[in-house]
$ cat data08.txt   # compact mmCIF, C-alpha atoms and all ligand atoms
# COMPACT_ATOMS: atom_id res chain seq x y z
CA MET C 1 1.46 137.87 139.32
CA ALA C 2 3.50 135.97 136.77
CA ARG C 3 5.06 139.25 135.73
CA ARG C 4 6.01 140.17 139.29
CA LEU C 5 7.55 136.77 139.84
CA GLY C 6 9.52 137.20 136.64
CA LYS C 7 10.82 140.54 137.86
CA ARG C 8 11.78 139.13 141.23
CA LYS C 9 13.55 136.23 139.52
CA GLN C 10 15.42 138.62 137.28
CA LYS C 11 16.45 140.74 140.25
CA SER C 12 17.77 137.81 142.23
CA ARG C 13 19.76 136.65 139.20
CA GLU C 14 21.28 140.11 138.88
CA GLU C 15 22.12 140.06 142.55
CA PHE C 16 23.70 136.64 142.11
CA VAL C 17 25.82 137.83 139.18
CA LEU C 18 26.86 140.89 141.17
CA LYS C 19 27.81 138.76 144.15
CA GLU C 20 29.83 136.41 141.95
CA ARG C 21 31.54 139.36 140.37
CA ASN C 22 32.48 140.84 143.71
CA LYS C 23 33.88 137.53 144.79
CA ILE C 24 36.10 137.50 141.73
CA SER C 25 36.94 141.15 141.54
CA ASP C 26 35.31 144.51 141.96
CA VAL C 27 37.64 146.16 139.47
CA ILE C 28 37.00 144.06 136.33
CA THR C 29 33.39 144.19 135.16
CA ASP C 30 33.43 143.41 131.43
CA ASP C 31 31.93 139.95 130.79
CA ARG C 32 34.51 138.63 128.34
CA THR C 33 37.34 139.82 130.56
CA LEU C 34 35.68 138.20 133.58
CA GLN C 35 35.50 134.88 131.73
CA ASN C 36 39.20 135.10 130.92
CA LEU C 37 39.92 136.01 134.53
CA ARG C 38 38.00 132.96 135.75
CA LYS C 39 40.35 130.80 133.66
CA MET C 40 43.32 132.53 135.29
CA PHE C 41 41.77 131.58 138.64
CA SER C 42 41.19 127.96 137.67
CA ARG C 43 44.76 127.69 136.34
CA LYS C 44 45.86 129.02 139.75
CA VAL C 45 47.85 131.86 138.22
CA VAL C 46 45.80 134.51 140.02
CA SER C 47 43.85 134.34 143.28
CA GLU C 48 42.56 137.91 143.64
CA VAL C 49 42.72 141.12 141.61
CA SER C 50 43.82 144.06 143.75
CA PHE C 51 43.87 147.31 141.79
CA LEU C 52 44.36 149.01 138.45
CA ILE C 53 47.94 150.20 137.91
CA SER C 54 47.50 151.88 134.57
CA THR C 55 44.95 152.65 131.89
CA GLY C 56 46.69 153.08 128.56
CA LYS C 57 45.65 153.43 124.94
CA GLU C 58 46.32 149.77 124.30
CA ALA C 59 45.61 148.03 127.58
CA ASP C 60 44.71 148.19 131.26
CA VAL C 61 47.22 146.76 133.72
CA TYR C 62 46.20 145.36 137.13
CA VAL C 63 48.13 144.06 140.10
CA ALA C 64 46.79 140.75 141.38
CA HIS C 65 47.66 138.28 144.11
CA SER C 66 49.17 135.14 142.65
CA GLY C 67 47.65 131.65 142.81
CA ASP C 68 49.46 128.44 143.75
CA ALA C 69 50.96 128.01 140.26
CA VAL C 70 53.09 131.15 140.67
CA GLU C 71 55.90 131.35 143.20
CA LYS C 72 55.98 135.13 143.57
CA ARG C 73 53.39 136.96 145.67
CA PHE C 74 51.99 139.26 142.95
CA VAL C 75 51.14 139.03 139.26
CA ALA C 76 50.69 141.82 136.72
CA LEU C 77 47.62 141.32 134.52
CA LYS C 78 47.53 143.16 131.22
CA VAL C 79 44.14 143.30 129.52
CA PHE C 80 44.32 144.33 125.87
CA ARG C 81 41.61 146.60 124.60
CA ILE C 82 39.31 145.23 121.95
CA GLU C 83 38.26 148.67 120.74
CA THR C 84 41.37 150.73 120.18
CA SER C 85 42.13 153.79 118.15
CA SER C 86 45.44 152.27 117.10
CA PHE C 87 43.95 149.25 115.35
CA ALA C 88 45.72 150.24 112.12
CA LYS C 89 48.99 150.59 114.01
CA ARG C 90 48.65 147.02 115.31
CA ILE C 91 48.29 145.64 111.80
CA ASP C 92 51.58 147.28 110.82
CA TYR C 93 53.41 145.40 113.54
CA ILE C 94 51.73 142.07 112.82
CA THR C 95 51.84 141.88 109.03
CA GLY C 96 55.45 141.32 108.09
CA ASP C 97 56.34 139.40 111.25
CA PRO C 98 56.83 135.83 109.98
CA ARG C 99 55.13 134.40 113.09
CA PHE C 100 51.85 136.28 112.71
CA ASP C 101 51.49 136.98 109.00
CA LYS C 102 48.21 135.22 108.39
CA VAL C 103 45.75 136.56 110.95
CA LYS C 104 42.10 137.46 110.60
CA ASN C 105 41.88 141.14 111.28
CA ASP C 106 38.65 141.59 113.20
CA LEU C 107 38.87 143.57 116.44
CA TYR C 108 38.67 140.80 119.07
CA ASN C 109 40.99 138.56 117.11
CA MET C 110 43.52 141.36 116.77
CA ALA C 111 43.49 141.90 120.54
CA ILE C 112 44.07 138.17 121.07
CA VAL C 113 46.91 138.09 118.54
CA TRP C 114 48.46 141.18 120.15
CA CYS C 115 48.32 139.46 123.54
CA LYS C 116 49.80 136.23 122.18
CA LYS C 117 52.50 138.28 120.47
CA GLU C 118 53.48 140.07 123.68
CA TYR C 119 53.58 136.71 125.49
CA SER C 120 55.81 135.23 122.79
CA ASN C 121 58.13 138.26 122.71
CA LEU C 122 58.48 138.31 126.51
CA ARG C 123 59.20 134.58 126.50
CA ILE C 124 61.99 134.96 123.90
CA ALA C 125 63.48 137.97 125.73
CA HIS C 126 63.26 136.31 129.14
CA ASP C 127 64.87 133.11 127.86
CA ALA C 128 67.65 135.22 126.35
CA GLY C 129 68.48 136.53 129.83
CA ILE C 130 67.03 140.01 129.38
CA ASP C 131 65.33 141.62 132.39
CA VAL C 132 61.69 141.66 131.25
CA PRO C 133 58.69 140.48 133.29
CA GLU C 134 58.55 136.69 133.10
CA PRO C 135 55.38 135.78 131.18
CA TYR C 136 53.19 133.28 133.06
CA GLY C 137 50.47 132.70 130.48
CA PHE C 138 47.59 134.24 128.57
CA VAL C 139 43.87 133.68 128.10
CA GLY C 140 42.19 135.49 125.20
CA ASN C 141 43.17 139.13 125.54
CA MET C 142 44.55 138.77 129.09
CA LEU C 143 48.26 138.31 129.78
CA ALA C 144 49.66 137.30 133.18
CA MET C 145 53.28 138.18 133.89
CA GLU C 146 55.79 138.82 136.64
CA PHE C 147 54.96 141.87 138.70
CA ILE C 148 57.82 144.38 138.76
CA GLY C 149 57.59 146.20 142.06
CA ASP C 150 58.17 145.80 145.76
CA ASP C 151 56.98 143.16 148.23
CA SER C 152 54.02 145.25 149.33
CA GLY C 153 52.54 145.32 145.82
CA THR C 154 53.66 148.84 144.89
CA PRO C 155 54.55 148.88 141.18
CA ALA C 156 58.00 150.01 140.04
CA LYS C 157 58.33 153.52 138.62
CA ARG C 158 59.03 154.19 134.97
CA LEU C 159 62.54 155.31 133.98
CA LYS C 160 60.99 158.66 133.08
CA ASP C 161 59.78 159.18 136.68
CA THR C 162 63.03 158.14 138.38
CA ASP C 163 66.13 160.15 139.31
CA LEU C 164 69.00 157.80 138.61
CA ASP C 165 72.10 157.74 140.82
CA GLN C 166 74.12 155.90 138.19
CA PRO C 167 72.62 156.80 134.82
CA GLN C 168 75.66 155.63 132.85
CA LYS C 169 75.36 152.16 134.32
CA VAL C 170 71.62 152.00 133.58
CA LEU C 171 72.15 153.19 130.00
CA HIS C 172 74.78 150.52 129.41
CA ARG C 173 72.49 147.87 130.83
CA ILE C 174 69.65 148.94 128.52
CA LEU C 175 71.99 148.92 125.49
CA GLY C 176 73.16 145.47 126.57
CA PHE C 177 69.54 144.31 126.57
CA MET C 178 69.04 145.71 123.06
CA GLU C 179 72.12 143.82 121.91
CA LYS C 180 70.90 140.56 123.43
CA LEU C 181 67.46 141.10 121.90
CA ASN C 182 68.99 141.66 118.49
CA LYS C 183 71.01 138.47 118.89
CA VAL C 184 67.76 136.52 119.13
CA ASN C 185 66.43 138.48 116.12
CA LEU C 186 63.97 140.71 117.94
CA VAL C 187 63.62 144.46 118.09
CA HIS C 188 61.46 146.12 120.75
CA ALA C 189 60.13 148.81 118.37
CA ASP C 190 58.76 151.14 121.08
CA LEU C 191 61.67 151.49 123.46
CA SER C 192 61.76 154.71 125.45
CA GLU C 193 61.85 156.04 129.02
CA TYR C 194 58.12 155.13 129.20
CA ASN C 195 58.64 151.43 128.63
CA VAL C 196 61.47 150.83 131.09
CA LEU C 197 60.64 150.23 134.76
CA MET C 198 63.21 150.78 137.52
CA SER C 199 63.25 148.30 140.39
CA SER C 200 66.04 148.21 143.02
CA GLY C 201 68.18 150.39 140.76
CA LYS C 202 67.87 147.99 137.82
CA PRO C 203 66.06 148.57 134.52
CA TYR C 204 63.34 146.19 133.28
CA ILE C 205 62.05 146.39 129.73
CA ILE C 206 58.25 146.17 129.41
CA ASP C 207 55.50 146.51 126.79
CA MET C 208 56.68 144.16 124.07
CA GLY C 209 53.47 143.61 122.10
CA GLN C 210 54.79 145.56 119.12
CA ALA C 211 58.25 143.95 119.08
CA VAL C 212 58.93 142.29 115.70
CA MET C 213 61.29 139.60 114.45
CA LEU C 214 63.93 139.93 111.82
CA GLY C 215 62.18 139.51 108.50
CA HIS C 216 59.79 142.37 109.24
CA PRO C 217 60.39 145.03 106.56
CA LYS C 218 60.90 147.76 109.16
CA TYR C 219 63.20 145.82 111.50
CA ALA C 220 66.22 148.06 110.86
CA GLU C 221 64.14 151.24 111.02
CA PHE C 222 62.64 150.24 114.39
CA MET C 223 66.10 149.42 115.73
CA GLU C 224 67.39 152.85 114.73
CA ARG C 225 64.39 154.55 116.30
CA ASP C 226 64.85 152.65 119.59
CA VAL C 227 68.53 153.65 119.75
CA ILE C 228 67.71 157.29 118.98
CA ASN C 229 64.95 157.40 121.67
CA ILE C 230 67.12 155.96 124.41
CA LEU C 231 70.23 158.00 123.61
CA HIS C 232 68.16 161.17 123.27
CA TYR C 233 66.61 160.63 126.71
CA PHE C 234 69.95 160.06 128.46
CA ARG C 235 71.49 163.05 126.68
CA LYS C 236 68.63 165.37 127.57
CA ARG C 237 68.20 164.30 131.20
CA TYR C 238 71.71 163.23 132.25
CA ALA C 239 73.95 164.93 129.69
CA ILE C 240 75.43 161.59 128.62
CA ASP C 241 76.64 161.90 125.09
CA MET C 242 77.02 158.70 123.11
CA ASP C 243 77.50 158.51 119.37
CA TYR C 244 74.39 157.03 117.82
CA GLU C 245 76.25 155.54 114.84
CA VAL C 246 78.80 153.81 117.05
CA VAL C 247 76.03 152.29 119.20
CA LEU C 248 74.09 151.14 116.16
CA GLU C 249 77.15 149.61 114.53
CA LYS C 250 78.02 147.74 117.70
CA LEU C 251 74.45 146.45 117.94
CA ASN C 252 74.48 145.20 114.37
CA SER C 253 77.94 143.69 114.49
CA ASN C 254 76.86 141.55 117.41
CA SER C 255 73.60 140.42 115.91
CA GLY C 256 72.67 136.81 115.31
CA GLN C 257 71.08 137.69 112.00
CA ASP C 258 73.12 135.18 110.00
CA ALA C 259 71.47 132.40 111.93
CA TYR C 260 68.03 133.55 110.84
CA VAL C 261 66.14 131.19 108.61
CA LYS C 262 62.76 132.41 107.37
CA ALA C 263 59.94 130.12 108.49
N1 LIG F 1 54.92 143.66 134.75
C1 LIG F 1 54.60 144.83 135.28
N2 LIG F 1 54.83 145.08 136.59
C2 LIG F 1 54.50 146.27 137.15
N3 LIG F 1 53.91 147.27 136.46
C3 LIG F 1 53.65 147.08 135.14
C4 LIG F 1 53.98 145.86 134.49
N4 LIG F 1 53.61 145.96 133.20
C5 LIG F 1 53.08 147.17 133.05
N5 LIG F 1 53.10 147.87 134.20
C6 LIG F 1 52.58 149.23 134.42
O1 LIG F 1 51.54 149.50 133.50
C7 LIG F 1 51.91 150.58 132.63
C8 LIG F 1 51.40 150.31 131.23
O2 LIG F 1 51.98 149.11 130.75
P1 LIG F 1 52.37 148.94 129.23
O3 LIG F 1 53.32 150.01 128.83
O4 LIG F 1 52.81 147.53 129.05
O5 LIG F 1 50.95 149.12 128.53
P2 LIG F 1 50.50 150.13 127.36
O6 LIG F 1 49.26 149.60 126.80
O7 LIG F 1 51.61 150.40 126.44
O8 LIG F 1 50.15 151.41 128.15
P3 LIG F 1 50.55 152.89 127.69
O9 LIG F 1 49.64 153.23 126.55
O10 LIG F 1 50.28 153.66 128.96
O11 LIG F 1 52.01 152.83 127.30
C9 LIG F 1 53.42 150.69 132.75
O12 LIG F 1 53.87 152.00 132.51
C10 LIG F 1 53.67 150.28 134.17
O13 LIG F 1 53.45 151.37 135.05
MG MG F 2 53.72 151.37 127.34
$ encode --input "data08.txt" --output "structure tokens"
Amino acid sequence: MARRLGKRKQKSREEFVLKERNKISDVITDDRTLQNLRKMFSRKVVSEVSFLISTGKEADVYVAHSGDAVEKRFVALKVFRIETSSFAKRIDYITGDPRFDKVKNDLYNMAIVWCKKEYSNLRIAHDAGIDVPEPYGFVGNMLAMEFIGDDSGTPAKRLKDTDLDQPQKVLHRILGFMEKLNKVNLVHADLSEYNVLMSSGKPYIIDMGQAVMLGHPKYAEFMERDVINILHYFRKRYAIDMDYEVVLEKLNSNSGQDAYVKA
């Protein structure tokens, strides 16, 4: 009898948890992520999670309805994976960045640091007037940011999946963003047609977790790689030929590197 009661109790608790979960979201089921999501609810950043936009190697991205603390209708929620095959890669982009040099490198902590780092990079870029999603806040390994897409909640397409009417203009805008980023001593470090979204004909730079500050030993190398990736894409797809050395020189001559003081 006692056993049966125990079972019934257990079942009703499971049902309760399930009900609570459904109330919050039927797309996020991991306990730690749910806890972080609850905080997003109580901070009124998010009111309801709608659907999964993308499942990547590093993170899952969801579109959510905003809460009262956010003016816009939708929010993009990026949930960083705790278990990831590119754990070693993350360390490379953290060690050497003066802001995040001394971190404990266990898996959950790394995901949190990565999330904090993307928040911080987006904040710097947004404040510098670069078109990136405005970061709203983060809890643990969950980052809330401006949703780039239309008013119905459809996410913007990647540069790679868009046929541009004015590719030259878009390329110049992206190079202008790189210049501005360099002026505030940041380099994206994974810039390509995959990490640019196109909304109303304008490019938005996304995915800035790996971006590093001047002082990182590979800052110059990452900058070169970003320039090569972008120019290569526009050459291949739109036959726009720009001299890589000229672009790089212009980027460096306009940098704010002299103002950099190591923390
Ligand atoms: N702010 C946003 N607004 C709308 N869509 C977004 C936003 N951020 C990310 N996305 C969508 O989610 C996808 C993955 O985002 P992101 O590149 O930041 O994550 P990732 O971990 O690098 O994923 P991947 O391994 O696929 O590159 C993007 O290609 C884009 O389609
Ligand atoms: Mg990406």
$ closest_atom_pairs --input "data08.txt" --of "chain C" --to "ligand MG 2 (chain F)" --cutoff "9 Å" --atoms "all atoms listed in the file" --output "JSON lines"
{"residue": "C:Gly56", "atom": "CA", "partner": "F:MG2", "partner_atom": "MG", "distance": 7.3}
{"residue": "C:Lys57", "atom": "CA", "partner": "F:MG2", "partner_atom": "MG", "distance": 8.7}
{"residue": "C:Glu58", "atom": "CA", "partner": "F:MG2", "partner_atom": "MG", "distance": 8.2}
{"residue": "C:Ala59", "atom": "CA", "partner": "F:MG2", "partner_atom": "MG", "distance": 8.8}
{"residue": "C:Asp190", "atom": "CA", "partner": "F:MG2", "partner_atom": "MG", "distance": 8.0}
{"residue": "C:Leu191", "atom": "CA", "partner": "F:MG2", "partner_atom": "MG", "distance": 8.8}
{"residue": "C:Ser192", "atom": "CA", "partner": "F:MG2", "partner_atom": "MG", "distance": 8.9}
{"residue": "C:Tyr194", "atom": "CA", "partner": "F:MG2", "partner_atom": "MG", "distance": 6.1}
{"residue": "C:Asn195", "atom": "CA", "partner": "F:MG2", "partner_atom": "MG", "distance": 5.1}
{"residue": "C:Val196", "atom": "CA", "partner": "F:MG2", "partner_atom": "MG", "distance": 8.6}
{"residue": "C:Ile206", "atom": "CA", "partner": "F:MG2", "partner_atom": "MG", "distance": 7.2}
{"residue": "C:Asp207", "atom": "CA", "partner": "F:MG2", "partner_atom": "MG", "distance": 5.2}
{"residue": "C:Met208", "atom": "CA", "partner": "F:MG2", "partner_atom": "MG", "distance": 8.5}
$ residues_near_ligand --input "data08.txt" --ligand "ligand LIG 1 (chain F)" --cutoff "9 Å" --atoms "only C-alpha atoms and all ligand atoms" --output "CSV table (one decimal) with C-alpha atoms, in the coordinates of the input"
chain,number,residue,atom,x,y,z
C,52,LEU,CA,44.4,149.0,138.4
C,53,ILE,CA,47.9,150.2,137.9
C,54,SER,CA,47.5,151.9,134.6
C,55,THR,CA,45.0,152.6,131.9
C,56,GLY,CA,46.7,153.1,128.6
C,57,LYS,CA,45.6,153.4,124.9
C,58,GLU,CA,46.3,149.8,124.3
C,59,ALA,CA,45.6,148.0,127.6
C,60,ASP,CA,44.7,148.2,131.3
C,61,VAL,CA,47.2,146.8,133.7
C,62,TYR,CA,46.2,145.4,137.1
C,63,VAL,CA,48.1,144.1,140.1
C,75,VAL,CA,51.1,139.0,139.3
C,76,ALA,CA,50.7,141.8,136.7
C,77,LEU,CA,47.6,141.3,134.5
C,78,LYS,CA,47.5,143.2,131.2
C,79,VAL,CA,44.1,143.3,129.5
C,80,PHE,CA,44.3,144.3,125.9
C,81,ARG,CA,41.6,146.6,124.6
C,132,VAL,CA,61.7,141.7,131.2
C,133,PRO,CA,58.7,140.5,133.3
C,134,GLU,CA,58.6,136.7,133.1
C,135,PRO,CA,55.4,135.8,131.2
C,144,ALA,CA,49.7,137.3,133.2
C,145,MET,CA,53.3,138.2,133.9
C,146,GLU,CA,55.8,138.8,136.6
C,147,PHE,CA,55.0,141.9,138.7
C,148,ILE,CA,57.8,144.4,138.8
C,149,GLY,CA,57.6,146.2,142.1
C,153,GLY,CA,52.5,145.3,145.8
C,154,THR,CA,53.7,148.8,144.9
C,155,PRO,CA,54.6,148.9,141.2
C,156,ALA,CA,58.0,150.0,140.0
C,157,LYS,CA,58.3,153.5,138.6
C,158,ARG,CA,59.0,154.2,135.0
C,190,ASP,CA,58.8,151.1,121.1
C,194,TYR,CA,58.1,155.1,129.2
C,195,ASN,CA,58.6,151.4,128.6
C,196,VAL,CA,61.5,150.8,131.1
C,197,LEU,CA,60.6,150.2,134.8
C,204,TYR,CA,63.3,146.2,133.3
C,206,ILE,CA,58.2,146.2,129.4
C,207,ASP,CA,55.5,146.5,126.8
C,208,MET,CA,56.7,144.2,124.1
C,209,GLY,CA,53.5,143.6,122.1
$ atom_distance --input "data08.txt" --atom1 "atom CA of C:Phe138" --atom2 "atom CA of C:His188"
19.9 Å
$ closest_residue --input "data08.txt" --among "C:Ser152, C:Gln168, C:Asn109, C:Thr95" --to "C:Arg235" --atoms "all atoms listed in the file"
C:Gln168
$ closest_residue --input "data08.txt" --among "C:Asn141, C:Leu186, C:Asp243, C:Ile130" --to "C:Ile112" --atoms "only C-alpha atoms"
C:Asn141
$ closest_residue --input "data08.txt" --among "C:Ile240, C:Leu34, C:Val227, C:Val45" --to "C:Gln166" --atoms "only C-alpha atoms"
C:Ile240
$ closest_residue --input "data08.txt" --among "C:Met142, C:Ala239, C:Leu251, C:Met178" --to "C:Ala211" --atoms "only C-alpha atoms"
C:Met178
$ atom_distance --input "data08.txt" --atom1 "atom CA of C:Leu37" --atom2 "atom CA of C:Met198"
27.7 Å
$ atom_distance --input "data08.txt" --atom1 "atom CA of C:Phe41" --atom2 "atom CA of C:Ala69"
10.0 Å
